[in-house]
>>> print(open('query.csv').read())   # CSV, C-alpha atoms
chain,number,residue,atom,x,y,z
A,1,MET,CA,-0.3,15.1,22.4
A,2,ASP,CA,2.5,17.2,20.9
A,3,ARG,CA,0.6,18.9,18.1
A,4,ALA,CA,3.7,19.8,16.1
A,5,TYR,CA,4.9,16.2,16.1
A,6,PHE,CA,1.4,14.9,15.1
A,7,ARG,CA,1.2,17.4,12.3
A,8,LEU,CA,4.6,16.3,10.9
A,9,ALA,CA,3.6,12.6,11.2
A,10,PHE,CA,0.3,13.4,9.4
A,11,LEU,CA,2.2,15.3,6.7
A,12,ALA,CA,4.5,12.2,6.3
A,13,THR,CA,1.4,10.0,6.0
A,14,CYS,CA,-0.1,12.2,3.2
A,15,LEU,CA,3.3,12.3,1.5
A,16,ALA,CA,3.6,8.5,1.7
A,17,PHE,CA,0.2,8.2,0.0
A,18,VAL,CA,1.4,10.5,-2.8
A,19,VAL,CA,4.6,8.3,-3.1
A,20,VAL,CA,2.4,5.2,-3.4
A,21,ILE,CA,0.4,6.9,-6.2
A,22,LEU,CA,3.5,8.1,-8.0
A,23,GLY,CA,5.0,4.6,-7.7
A,24,ALA,CA,1.9,3.1,-9.2
A,25,PHE,CA,1.9,5.7,-12.0
A,26,THR,CA,5.6,4.9,-12.7
A,27,ARG,CA,5.0,1.2,-12.8
A,28,LEU,CA,1.8,1.3,-14.9
A,29,SER,CA,3.2,3.7,-17.4
A,30,ASP,CA,6.2,1.4,-18.0
A,31,ALA,CA,8.6,4.0,-16.6
A,32,GLY,CA,10.2,1.7,-14.1
A,33,LEU,CA,13.4,1.7,-16.2
A,34,GLY,CA,13.0,5.3,-17.3
A,35,CYS,CA,16.4,5.8,-15.6
A,36,PRO,CA,18.8,2.9,-16.1
A,37,ASP,CA,20.8,3.7,-13.0
A,38,TRP,CA,20.1,4.6,-9.3
A,39,PRO,CA,19.8,7.0,-7.5
A,40,GLY,CA,20.6,9.4,-10.4
A,41,CYS,CA,19.4,9.3,-13.9
A,42,TYR,CA,21.9,8.5,-16.6
A,43,GLY,CA,24.6,9.4,-14.1
A,44,GLN,CA,23.1,12.8,-13.3
A,45,LEU,CA,21.0,14.2,-10.5
A,46,SER,CA,18.1,15.1,-12.8
A,47,VAL,CA,16.8,13.9,-16.2
A,48,PRO,CA,19.3,14.9,-19.0
A,49,HIS,CA,17.7,17.7,-21.1
A,50,THR,CA,20.6,19.9,-22.4
A,51,GLN,CA,22.5,19.0,-25.5
A,52,SER,CA,25.7,18.3,-23.5
A,53,ALA,CA,23.8,16.2,-20.9
A,54,LEU,CA,22.0,14.2,-23.6
A,55,TYR,CA,25.4,13.6,-25.4
A,56,LYS,CA,26.9,12.4,-22.1
A,57,ALA,CA,24.0,10.1,-21.4
A,58,ALA,CA,24.3,8.6,-24.9
A,59,GLN,CA,28.0,8.0,-24.3
A,60,ASN,CA,27.4,6.3,-21.0
A,61,TYR,CA,24.3,4.3,-22.0
A,62,PRO,CA,24.5,3.9,-25.8
A,63,SER,CA,21.9,1.1,-25.9
A,64,ILE,CA,19.3,3.0,-23.7
A,65,PRO,CA,18.1,6.2,-25.3
A,66,VAL,CA,16.7,8.9,-23.1
A,67,GLU,CA,12.9,9.0,-22.9
A,68,GLN,CA,12.1,12.2,-21.2
A,69,LYS,CA,8.6,11.4,-20.2
A,70,LYS,CA,9.4,8.1,-18.6
A,71,ALA,CA,12.6,9.4,-17.0
A,72,TRP,CA,10.8,12.3,-15.4
A,73,ALA,CA,8.1,10.0,-14.0
A,74,GLU,CA,10.8,7.9,-12.4
A,75,MET,CA,12.8,10.8,-11.0
A,76,VAL,CA,9.7,12.7,-9.6
A,77,HIS,CA,8.9,9.5,-7.7
A,78,ARG,CA,12.4,9.4,-6.4
A,79,TYR,CA,12.3,13.0,-5.3
A,80,PHE,CA,9.1,12.5,-3.4
A,81,ALA,CA,10.3,9.3,-1.9
A,82,GLY,CA,13.6,10.9,-0.8
A,83,SER,CA,11.7,13.8,0.9
A,84,LEU,CA,9.5,11.2,2.7
A,85,GLY,CA,12.6,9.4,3.9
A,86,LEU,CA,14.0,12.7,5.3
A,87,ILE,CA,10.8,13.5,7.2
A,88,ILE,CA,10.7,10.0,8.7
A,89,LEU,CA,14.3,10.4,9.8
A,90,ILE,CA,13.3,13.7,11.5
A,91,LEU,CA,10.4,12.0,13.2
A,92,ALA,CA,12.7,9.3,14.6
A,93,ILE,CA,15.3,11.8,15.8
A,94,TRP,CA,12.6,14.0,17.3
A,95,ALA,CA,11.1,11.0,19.1
A,96,LEU,CA,14.5,10.1,20.6
A,97,VAL,CA,15.0,13.7,21.8
A,98,ARG,CA,11.5,13.9,23.3
A,99,ARG,CA,12.0,10.5,25.0
A,100,ARG,CA,14.6,12.1,27.3
A,101,LYS,CA,11.9,14.5,28.7
A,102,HIS,CA,8.8,12.3,28.3
A,103,LYS,CA,9.3,8.7,29.2
A,104,THR,CA,5.9,7.8,27.6
A,105,GLN,CA,7.2,8.9,24.2
A,106,ALA,CA,7.1,5.9,21.8
A,107,VAL,CA,10.3,5.5,19.8
A,108,ILE,CA,10.0,1.9,18.5
A,109,LEU,CA,7.6,2.7,15.6
A,110,PRO,CA,9.6,5.8,14.4
A,111,LEU,CA,12.8,3.7,14.5
A,112,CYS,CA,11.1,0.8,12.7
A,113,LEU,CA,10.0,3.3,10.0
A,114,VAL,CA,13.6,4.4,9.5
A,115,GLY,CA,14.5,0.7,8.9
A,116,LEU,CA,11.6,0.3,6.5
A,117,VAL,CA,12.8,3.3,4.5
A,118,ILE,CA,16.3,2.0,4.2
A,119,PHE,CA,15.0,-1.4,3.0
A,120,GLN,CA,12.6,0.3,0.7
A,121,ALA,CA,15.4,2.4,-0.8
A,122,ALA,CA,17.4,-0.9,-1.4
A,123,LEU,CA,14.3,-2.3,-3.2
A,124,GLY,CA,14.1,0.8,-5.3
A,125,MET,CA,17.7,0.3,-6.3
A,126,TRP,CA,17.3,-3.4,-7.1
A,127,THR,CA,14.1,-2.6,-9.1
A,128,VAL,CA,16.3,-0.7,-11.5
A,129,THR,CA,19.6,-2.7,-11.4
A,130,TRP,CA,17.8,-6.1,-11.5
A,131,LYS,CA,15.6,-4.8,-14.4
A,132,LEU,CA,12.1,-5.1,-12.9
A,133,LEU,CA,12.6,-8.5,-11.3
A,134,PRO,CA,8.9,-9.3,-10.3
A,135,LEU,CA,9.7,-10.3,-6.7
A,136,VAL,CA,11.5,-7.0,-6.1
A,137,VAL,CA,8.9,-4.9,-7.9
A,138,MET,CA,6.2,-6.5,-5.7
A,139,GLY,CA,8.3,-6.1,-2.6
A,140,HIS,CA,8.7,-2.4,-3.5
A,141,LEU,CA,5.0,-2.0,-3.7
A,142,LEU,CA,4.3,-3.8,-0.4
A,143,GLY,CA,7.1,-1.8,1.2
A,144,GLY,CA,5.5,1.5,0.2
A,145,LEU,CA,2.2,0.4,1.6
A,146,ALA,CA,3.9,-0.9,4.8
A,147,ILE,CA,5.4,2.6,5.4
A,148,LEU,CA,2.1,4.2,4.7
A,149,GLY,CA,0.3,1.9,7.1
A,150,ALA,CA,3.0,2.3,9.8
A,151,LEU,CA,2.8,6.1,9.5
A,152,TRP,CA,-1.0,6.0,9.9
A,153,CYS,CA,-0.6,3.8,13.0
A,154,LEU,CA,1.8,6.4,14.4
A,155,CYS,CA,-0.9,9.1,13.7
A,156,LEU,CA,-3.5,7.0,15.4
A,157,THR,CA,-1.3,6.5,18.4
A,158,LEU,CA,-0.6,10.2,18.7
A,159,ARG,CA,-4.3,11.1,18.4
A,160,ARG,CA,-5.2,8.6,21.1
A,161,ALA,CA,-2.6,10.0,23.5
A,162,PRO,CA,-4.9,11.2,26.3
A,163,SER,CA,-4.9,14.8,27.6
A,164,VAL,CA,-7.3,13.7,30.4
A,165,PRO,CA,-6.9,11.0,33.0
A,166,ALA,CA,-7.2,7.4,31.8
A,167,ALA,CA,-10.3,6.8,33.9
A,168,SER,CA,-12.2,9.7,32.2
A,169,ALA,CA,-11.1,8.4,28.8
A,170,ARG,CA,-12.5,5.0,29.6
A,171,GLN,CA,-15.8,6.5,30.8
A,172,ALA,CA,-16.1,8.5,27.6
A,173,LEU,CA,-15.6,5.3,25.5
A,174,ARG,CA,-18.3,3.5,27.5
A,175,ALA,CA,-20.7,6.3,27.1
A,176,SER,CA,-20.2,6.6,23.4
A,177,PHE,CA,-20.2,2.9,22.6
A,178,LEU,CA,-22.5,0.7,24.6
A,179,THR,CA,-23.4,-0.1,28.2
A,180,LYS,CA,-21.5,-2.9,29.9
A,181,ARG,CA,-23.5,-6.1,29.8
A,182,GLU,CA,-22.6,-9.7,30.4
A,183,GLY,CA,-21.0,-11.1,27.2
A,184,ASP,CA,-19.9,-7.7,25.8
A,185,SER,CA,-16.3,-8.5,26.4
A,186,PHE,CA,-16.7,-11.7,24.4
A,187,TYR,CA,-18.4,-9.8,21.6
A,188,LEU,CA,-15.7,-7.2,21.4
A,189,ASN,CA,-13.0,-9.8,21.2
A,190,LYS,CA,-14.9,-11.4,18.3
A,191,LEU,CA,-15.1,-8.0,16.6
A,192,PHE,CA,-11.4,-7.4,17.1
A,193,PHE,CA,-10.4,-10.7,15.6
A,194,ALA,CA,-12.9,-10.4,12.8
A,195,SER,CA,-11.4,-7.0,11.9
A,196,LEU,CA,-7.9,-8.4,12.2
A,197,LEU,CA,-8.8,-11.2,9.8
A,198,GLY,CA,-10.2,-8.6,7.4
A,199,LEU,CA,-6.9,-6.8,7.5
A,200,ILE,CA,-4.9,-10.0,6.7
A,201,ILE,CA,-7.3,-10.7,3.8
A,202,ILE,CA,-6.7,-7.3,2.4
A,203,ILE,CA,-3.0,-7.6,2.7
A,204,LEU,CA,-3.0,-10.9,0.9
A,205,GLN,CA,-5.2,-9.4,-1.9
A,206,ILE,CA,-2.8,-6.5,-2.3
A,207,PHE,CA,0.0,-9.1,-2.5
A,208,LEU,CA,-1.9,-10.8,-5.4
A,209,GLY,CA,-2.5,-7.4,-7.0
A,210,GLY,CA,1.2,-6.5,-6.8
A,211,TRP,CA,2.2,-9.9,-8.3
A,212,THR,CA,-0.3,-9.4,-11.1
A,213,SER,CA,1.1,-6.0,-11.9
A,214,SER,CA,4.7,-6.9,-11.6
A,215,ASN,CA,4.2,-9.9,-14.1
A,216,TYR,CA,2.1,-7.8,-16.5
A,217,ALA,CA,-0.9,-10.1,-16.1
A,218,ALA,CA,-3.5,-7.4,-15.6
A,219,ILE,CA,-5.2,-7.7,-19.0
A,220,ILE,CA,-4.3,-11.3,-20.0
A,221,CYS,CA,-8.0,-12.0,-19.7
A,222,PRO,CA,-10.0,-9.5,-21.9
A,223,ASP,CA,-13.4,-10.3,-20.4
A,224,PHE,CA,-15.0,-10.3,-16.9
A,225,PRO,CA,-15.9,-12.3,-14.8
A,226,TYR,CA,-14.7,-15.0,-17.2
A,227,CYS,CA,-11.3,-15.4,-18.8
A,228,ASN,CA,-11.5,-16.1,-22.5
A,229,SER,CA,-15.1,-17.2,-21.9
A,230,GLN,CA,-14.1,-19.7,-19.1
A,231,LEU,CA,-14.5,-19.4,-15.4
A,232,PHE,CA,-11.7,-21.8,-14.8
A,233,PRO,CA,-9.4,-21.5,-17.8
A,234,ALA,CA,-6.2,-23.4,-18.4
A,235,MET,CA,-3.6,-22.2,-15.9
A,236,ASN,CA,0.1,-22.9,-15.1
A,237,ILE,CA,0.0,-22.3,-11.3
A,238,LYS,CA,3.5,-23.7,-10.6
A,239,GLN,CA,5.1,-21.3,-13.0
A,240,ALA,CA,2.8,-18.4,-12.0
A,241,PHE,CA,3.9,-18.4,-8.4
A,242,ASN,CA,7.6,-19.2,-8.9
A,243,PHE,CA,9.0,-16.3,-6.8
A,244,PHE,CA,12.7,-17.0,-7.7
A,245,SER,CA,13.0,-15.8,-11.3
A,246,PRO,CA,16.6,-15.5,-12.5
A,247,ILE,CA,18.4,-12.2,-11.9
A,248,GLY,CA,19.8,-10.5,-15.0
A,249,ALA,CA,17.0,-10.8,-17.5
A,250,ASN,CA,14.9,-7.7,-18.5
A,251,TYR,CA,11.4,-8.3,-17.1
A,252,GLN,CA,9.8,-5.2,-18.7
A,253,GLY,CA,6.7,-6.3,-20.4
A,254,GLY,CA,6.7,-9.6,-18.6
A,255,ALA,CA,8.5,-12.9,-19.2
A,256,LEU,CA,5.9,-15.5,-18.2
A,257,ALA,CA,3.9,-17.5,-20.8
A,258,ALA,CA,0.1,-16.9,-21.2
A,259,PRO,CA,-1.1,-19.8,-19.0
A,260,ALA,CA,1.0,-18.6,-16.1
A,261,ARG,CA,-0.3,-15.0,-16.4
A,262,VAL,CA,-3.8,-16.3,-16.7
A,263,ALA,CA,-3.2,-18.2,-13.4
A,264,ILE,CA,-2.0,-15.0,-11.7
A,265,GLN,CA,-4.9,-12.9,-13.0
A,266,MET,CA,-7.5,-15.5,-12.0
A,267,PHE,CA,-6.1,-16.0,-8.5
A,268,HIS,CA,-6.3,-12.2,-8.1
A,269,ARG,CA,-9.9,-12.4,-9.1
A,270,TYR,CA,-10.7,-15.3,-6.8
A,271,GLY,CA,-9.0,-13.4,-4.0
A,272,GLY,CA,-11.0,-10.3,-4.9
A,273,ALA,CA,-14.2,-12.3,-4.6
A,274,ILE,CA,-13.2,-13.6,-1.2
A,275,THR,CA,-12.1,-10.1,-0.1
A,276,GLY,CA,-15.3,-8.5,-1.4
A,277,LEU,CA,-17.5,-11.0,0.4
A,278,TYR,CA,-15.7,-10.9,3.7
A,279,ILE,CA,-15.0,-7.2,3.9
A,280,GLY,CA,-18.5,-6.5,2.6
A,281,MET,CA,-20.1,-8.6,5.4
A,282,LEU,CA,-17.9,-6.9,8.0
A,283,ALA,CA,-18.8,-3.4,6.8
A,284,TRP,CA,-22.5,-4.4,6.6
A,285,TYR,CA,-22.4,-5.5,10.2
A,286,LEU,CA,-20.8,-2.3,11.3
A,287,MET,CA,-23.3,-0.2,9.4
A,288,PHE,CA,-26.6,-1.9,10.5
A,289,PHE,CA,-26.1,-3.8,13.8
A,290,ARG,CA,-26.9,-1.8,17.0
A,291,ARG,CA,-24.0,-3.2,19.0
A,292,ALA,CA,-21.6,-1.9,16.4
A,293,ALA,CA,-23.2,1.6,16.2
A,294,TYR,CA,-20.0,3.2,17.5
A,295,PHE,CA,-18.3,2.1,14.2
A,296,ARG,CA,-21.1,2.9,11.8
A,297,SER,CA,-19.4,5.7,10.0
A,298,LEU,CA,-16.3,3.7,9.6
A,299,GLY,CA,-18.3,0.8,8.3
A,300,TRP,CA,-19.9,3.0,5.6
A,301,LEU,CA,-16.4,4.3,4.6
A,302,ILE,CA,-15.1,0.7,4.2
A,303,PHE,CA,-18.2,-0.3,2.3
A,304,ILE,CA,-18.0,2.7,-0.1
A,305,LEU,CA,-14.2,2.1,-0.7
A,306,LEU,CA,-14.9,-1.6,-1.3
A,307,ILE,CA,-17.5,-0.9,-4.0
A,308,ILE,CA,-15.3,1.7,-5.7
A,309,GLN,CA,-12.4,-0.8,-5.7
A,310,ILE,CA,-14.5,-3.6,-7.2
A,311,CYS,CA,-15.8,-1.3,-9.9
A,312,LEU,CA,-12.3,0.0,-10.7
A,313,GLY,CA,-11.0,-3.6,-11.0
A,314,MET,CA,-13.7,-4.5,-13.5
A,315,LEU,CA,-13.1,-1.4,-15.5
A,316,ASN,CA,-9.4,-2.2,-15.7
A,317,VAL,CA,-10.3,-5.4,-17.5
A,318,LEU,CA,-13.1,-4.2,-19.6
A,319,TRP,CA,-11.4,-1.0,-20.7
A,320,HIS,CA,-7.9,-2.7,-21.1
A,321,LEU,CA,-6.1,-1.0,-18.2
A,322,PRO,CA,-6.5,2.7,-18.8
A,323,LEU,CA,-3.7,4.5,-16.8
A,324,ALA,CA,-6.0,6.7,-14.7
A,325,ILE,CA,-8.2,3.8,-13.7
A,326,ALA,CA,-5.3,1.6,-12.9
A,327,VAL,CA,-3.6,4.2,-10.7
A,328,ALA,CA,-7.0,4.9,-8.9
A,329,HIS,CA,-7.2,1.1,-8.3
A,330,ASN,CA,-3.9,1.3,-6.4
A,331,GLY,CA,-4.9,4.4,-4.5
A,332,THR,CA,-8.2,3.0,-3.4
A,333,ALA,CA,-6.5,-0.2,-2.2
A,334,ALA,CA,-4.3,1.9,0.0
A,335,LEU,CA,-7.3,3.8,1.4
A,336,LEU,CA,-9.1,0.6,2.1
A,337,LEU,CA,-6.1,-0.8,3.9
A,338,LEU,CA,-5.9,2.4,6.0
A,339,SER,CA,-9.6,2.2,6.9
A,340,VAL,CA,-9.4,-1.4,8.1
A,341,ILE,CA,-6.2,-0.6,10.1
A,342,THR,CA,-8.2,2.2,11.7
A,343,LEU,CA,-11.0,-0.3,12.6
A,344,VAL,CA,-8.6,-2.7,14.1
A,345,TYR,CA,-7.0,0.1,16.1
A,346,LYS,CA,-10.3,1.5,17.3
A,347,VAL,CA,-11.6,-1.8,18.5
A,348,GLN,CA,-8.5,-2.6,20.5
A,349,PRO,CA,-8.7,0.3,23.0
A,350,ILE,CA,-12.4,-0.3,23.6
A,351,MET,CA,-11.7,-3.9,24.4
A,352,LYS,CA,-9.3,-2.7,27.1
A,353,THR,CA,-12.1,-0.9,28.9
A,354,TYR,CA,-13.9,-4.1,29.8
>>> encode(input="query.csv", output="structure tokens")
Amino acid sequence: MDRAYFRLAFLATCLAFVVVILGAFTRLSDAGLGCPDWPGCYGQLSVPHTQSALYKAAQNYPSIPVEQKKAWAEMVHRYFAGSLGLIILILAIWALVRRRKHKTQAVILPLCLVGLVIFQAALGMWTVTWKLLPLVVMGHLLGGLAILGALWCLCLTLRRAPSVPAASARQALRASFLTKREGDSFYLNKLFFASLLGLIIIILQIFLGGWTSSNYAAIICPDFPYCNSQLFPAMNIKQAFNFFSPIGANYQGGALAAPARVAIQMFHRYGGAITGLYIGMLAWYLMFFRRAAYFRSLGWLIFILLIIQICLGMLNVLWHLPLAIAVAHNGTAALLLLSVITLVYKVQPIMKTY
């Protein structure tokens, strides 16, 4: 393993997590249109603050006054995202250079990350120019998490790169996990697919959370677990999940009627119940069943993150979406995603030893 390359990849992963948090803060503080243009802010590289810069901004955007706090939130997010894109580009170029000397150097994932960054930048531009179109805002959120997850996979791949012969690595895995018995291969296959299903469920739940946030449906129901004292309130499901809203309207604050927002919020809650039940059972199995002892610490991590996430979700409703709690809800979702990605990745190499 090239330690310098791994450290840069790990730095990029940490920065990607920061970008996800900053993106959540920008979105939840209603600063998504803090700068009416892209990639600058009111036609400038930074937020206008001098008298002449403010005058010029007022001339170019007479109907959109400068709000310093929101504009800075948006621009700080862009600065960090731009830095992340630059590091990912360096990782890709570095991988291509190392490929000439080391034929085992993986280049597909770093190159895919460059493609993801380009598409994510386009989504960032459309978020502003299409005035917070819900489909684009949700895609921007998922794109950020996709970059974070891909960078974490790159780190896992680099950490797994053996410095000892493959046979020794396999022996170490056997010794630390379980002894080979008839049926173990079938058991490990089941654990792998159970973990993979858990990852899919978490991704779908994040999708529902992004759709809830982008349509401003987070606090349409002021109580929990009911919505306006009903477990199954009146909902407009067809309107709630119409992903092709017209381009051009300003979606800040939301454009859907209450029944559609109620449907979005309740589906997010129903999905949360399914996610909590399945991921909770998976974590419980990892924590307490002897055959999964190798993954016990990871099971505890997943379980703790799940409990925190559920509590944050309830507090968001009961306390009417305080900014710190809402941002923490996004961050914990990202950490839960990474922990399950780690589980899927760790099960896979053990499967290959049988």
>>> atom_distance(input="query.csv", atom1="atom CA of Arg99 of chain A", atom2="atom CA of Ala146 of chain A")
24.6 Å
>>> residues_around(input="query.csv", residues="segment 48-56 of chain A", least_positions_apart="3", cutoff="10 Å", atoms="all atoms listed in the file", output="compact mmCIF listing (two decimals) with C-alpha atoms, in the frame of the given file")
# COMPACT_ATOMS: atom_id res chain seq x y z
CA CYS A 41 19.40 9.30 -13.90
CA TYR A 42 21.90 8.50 -16.60
CA GLY A 43 24.60 9.40 -14.10
CA GLN A 44 23.10 12.80 -13.30
CA LEU A 45 21.00 14.20 -10.50
CA GLN A 59 28.00 8.00 -24.30
CA ASN A 60 27.40 6.30 -21.00
CA TYR A 61 24.30 4.30 -22.00
CA PRO A 62 24.50 3.90 -25.80
CA PRO A 65 18.10 6.20 -25.30
CA VAL A 66 16.70 8.90 -23.10
CA GLU A 67 12.90 9.00 -22.90
CA GLN A 68 12.10 12.20 -21.20
CA ALA A 71 12.60 9.40 -17.00
CA TRP A 72 10.80 12.30 -15.40
>>> closest_atom_pairs(input="query.csv", of="segment 3-107 of chain A", to="segment 253-258 of chain A", cutoff="12 Å", atoms="all atoms listed in the file", output="tab-separated table")
residue	atom	partner	partner_atom	distance
A:Arg27	CA	A:Gly253	CA	10.8
A:Leu28	CA	A:Gly253	CA	10.6
A:Ser29	CA	A:Gly253	CA	11.0
A:Asp30	CA	A:Gly253	CA	8.1
A:Ala31	CA	A:Gly253	CA	11.1
A:Gly32	CA	A:Gly253	CA	10.8
A:Leu33	CA	A:Gly253	CA	11.2
>>> residues_around(input="query.csv", residues="Ala92 of chain A", least_positions_apart="4", cutoff="9 Å", atoms="only C-alpha atoms", output="PyMOL selection string")
chain A and resi 87-88+96-97+107-114
>>> write_last_selection(input="query.csv", atoms="C-alpha atoms", output="CSV table (one decimal), in the frame of the given file")
chain,number,residue,atom,x,y,z
A,87,ILE,CA,10.8,13.5,7.2
A,88,ILE,CA,10.7,10.0,8.7
A,96,LEU,CA,14.5,10.1,20.6
A,97,VAL,CA,15.0,13.7,21.8
A,107,VAL,CA,10.3,5.5,19.8
A,108,ILE,CA,10.0,1.9,18.5
A,109,LEU,CA,7.6,2.7,15.6
A,110,PRO,CA,9.6,5.8,14.4
A,111,LEU,CA,12.8,3.7,14.5
A,112,CYS,CA,11.1,0.8,12.7
A,113,LEU,CA,10.0,3.3,10.0
A,114,VAL,CA,13.6,4.4,9.5
>>> atom_distance(input="query.csv", atom1="atom CA of Gly280 of chain A", atom2="atom CA of Ile307 of chain A")
8.7 Å
>>> atom_distance(input="query.csv", atom1="atom CA of Lys346 of chain A", atom2="atom CA of Val117 of chain A")
26.5 Å
>>> closest_residue(input="query.csv", among="A:Ala57, A:Ile90, A:Leu154, A:Val20", to="His140 of chain A", atoms="all atoms listed in the file")
A:Val20
>>> residues_around(input="query.csv", residues="segment 220-230 of chain A", least_positions_apart="4", cutoff="7 Å", atoms="all atoms listed in the file", output="list in words")
Arg261, Val262, Met314, Val317 and Leu318 of chain A
>>> build_atoms(input="query.csv", residues="segment 107-124 of chain A", atoms="N, CA and C atoms", output="PDB file, keeping the file's coordinate frame")
ATOM      1  N   VAL A 107       9.159   5.327  20.766  1.00  0.00           N
ATOM      2  CA  VAL A 107      10.300   5.500  19.800  1.00  0.00           C
ATOM      3  C   VAL A 107      10.404   4.250  18.909  1.00  0.00           C
ATOM      4  N   ILE A 108       9.772   3.138  19.291  1.00  0.00           N
ATOM      5  CA  ILE A 108      10.000   1.900  18.500  1.00  0.00           C
ATOM      6  C   ILE A 108       9.417   2.059  17.105  1.00  0.00           C
ATOM      7  N   LEU A 109       8.200   2.584  16.960  1.00  0.00           N
ATOM      8  CA  LEU A 109       7.600   2.700  15.600  1.00  0.00           C
ATOM      9  C   LEU A 109       8.364   3.693  14.744  1.00  0.00           C
ATOM     10  N   PRO A 110       8.756   4.886  15.229  1.00  0.00           N
ATOM     11  CA  PRO A 110       9.600   5.800  14.400  1.00  0.00           C
ATOM     12  C   PRO A 110      10.886   5.145  13.947  1.00  0.00           C
ATOM     13  N   LEU A 111      11.532   4.388  14.841  1.00  0.00           N
ATOM     14  CA  LEU A 111      12.800   3.700  14.500  1.00  0.00           C
ATOM     15  C   LEU A 111      12.570   2.613  13.479  1.00  0.00           C
ATOM     16  N   CYS A 112      11.478   1.874  13.653  1.00  0.00           N
ATOM     17  CA  CYS A 112      11.100   0.800  12.700  1.00  0.00           C
ATOM     18  C   CYS A 112      10.870   1.437  11.302  1.00  0.00           C
ATOM     19  N   LEU A 113      10.258   2.616  11.291  1.00  0.00           N
ATOM     20  CA  LEU A 113      10.000   3.300  10.000  1.00  0.00           C
ATOM     21  C   LEU A 113      11.297   3.660   9.312  1.00  0.00           C
ATOM     22  N   VAL A 114      12.312   4.064  10.069  1.00  0.00           N
ATOM     23  CA  VAL A 114      13.600   4.400   9.500  1.00  0.00           C
ATOM     24  C   VAL A 114      14.169   3.087   8.809  1.00  0.00           C
ATOM     25  N   GLY A 115      14.063   1.953   9.511  1.00  0.00           N
ATOM     26  CA  GLY A 115      14.500   0.700   8.900  1.00  0.00           C
ATOM     27  C   GLY A 115      13.749   0.325   7.671  1.00  0.00           C
ATOM     28  N   LEU A 116      12.432   0.561   7.691  1.00  0.00           N
ATOM     29  CA  LEU A 116      11.600   0.300   6.500  1.00  0.00           C
ATOM     30  C   LEU A 116      12.040   1.162   5.329  1.00  0.00           C
ATOM     31  N   VAL A 117      12.340   2.421   5.602  1.00  0.00           N
ATOM     32  CA  VAL A 117      12.800   3.300   4.500  1.00  0.00           C
ATOM     33  C   VAL A 117      14.072   2.888   3.919  1.00  0.00           C
ATOM     34  N   ILE A 118      15.008   2.456   4.753  1.00  0.00           N
ATOM     35  CA  ILE A 118      16.300   2.000   4.200  1.00  0.00           C
ATOM     36  C   ILE A 118      16.110   0.768   3.349  1.00  0.00           C
ATOM     37  N   PHE A 119      15.288  -0.173   3.821  1.00  0.00           N
ATOM     38  CA  PHE A 119      15.000  -1.400   3.000  1.00  0.00           C
ATOM     39  C   PHE A 119      14.281  -1.029   1.741  1.00  0.00           C
ATOM     40  N   GLN A 120      13.347  -0.088   1.833  1.00  0.00           N
ATOM     41  CA  GLN A 120      12.600   0.300   0.700  1.00  0.00           C
ATOM     42  C   GLN A 120      13.503   0.992  -0.374  1.00  0.00           C
ATOM     43  N   ALA A 121      14.481   1.760   0.100  1.00  0.00           N
ATOM     44  CA  ALA A 121      15.400   2.400  -0.800  1.00  0.00           C
ATOM     45  C   ALA A 121      16.266   1.295  -1.529  1.00  0.00           C
ATOM     46  N   ALA A 122      16.632   0.249  -0.786  1.00  0.00           N
ATOM     47  CA  ALA A 122      17.400  -0.900  -1.400  1.00  0.00           C
ATOM     48  C   ALA A 122      16.522  -1.547  -2.461  1.00  0.00           C
ATOM     49  N   LEU A 123      15.230  -1.736  -2.168  1.00  0.00           N
ATOM     50  CA  LEU A 123      14.300  -2.300  -3.200  1.00  0.00           C
ATOM     51  C   LEU A 123      14.198  -1.457  -4.387  1.00  0.00           C
ATOM     52  N   GLY A 124      14.165  -0.133  -4.170  1.00  0.00           N
ATOM     53  CA  GLY A 124      14.100   0.800  -5.300  1.00  0.00           C
ATOM     54  C   GLY A 124      15.336   0.652  -6.195  1.00  0.00           C
TER      55      GLY A 124
END
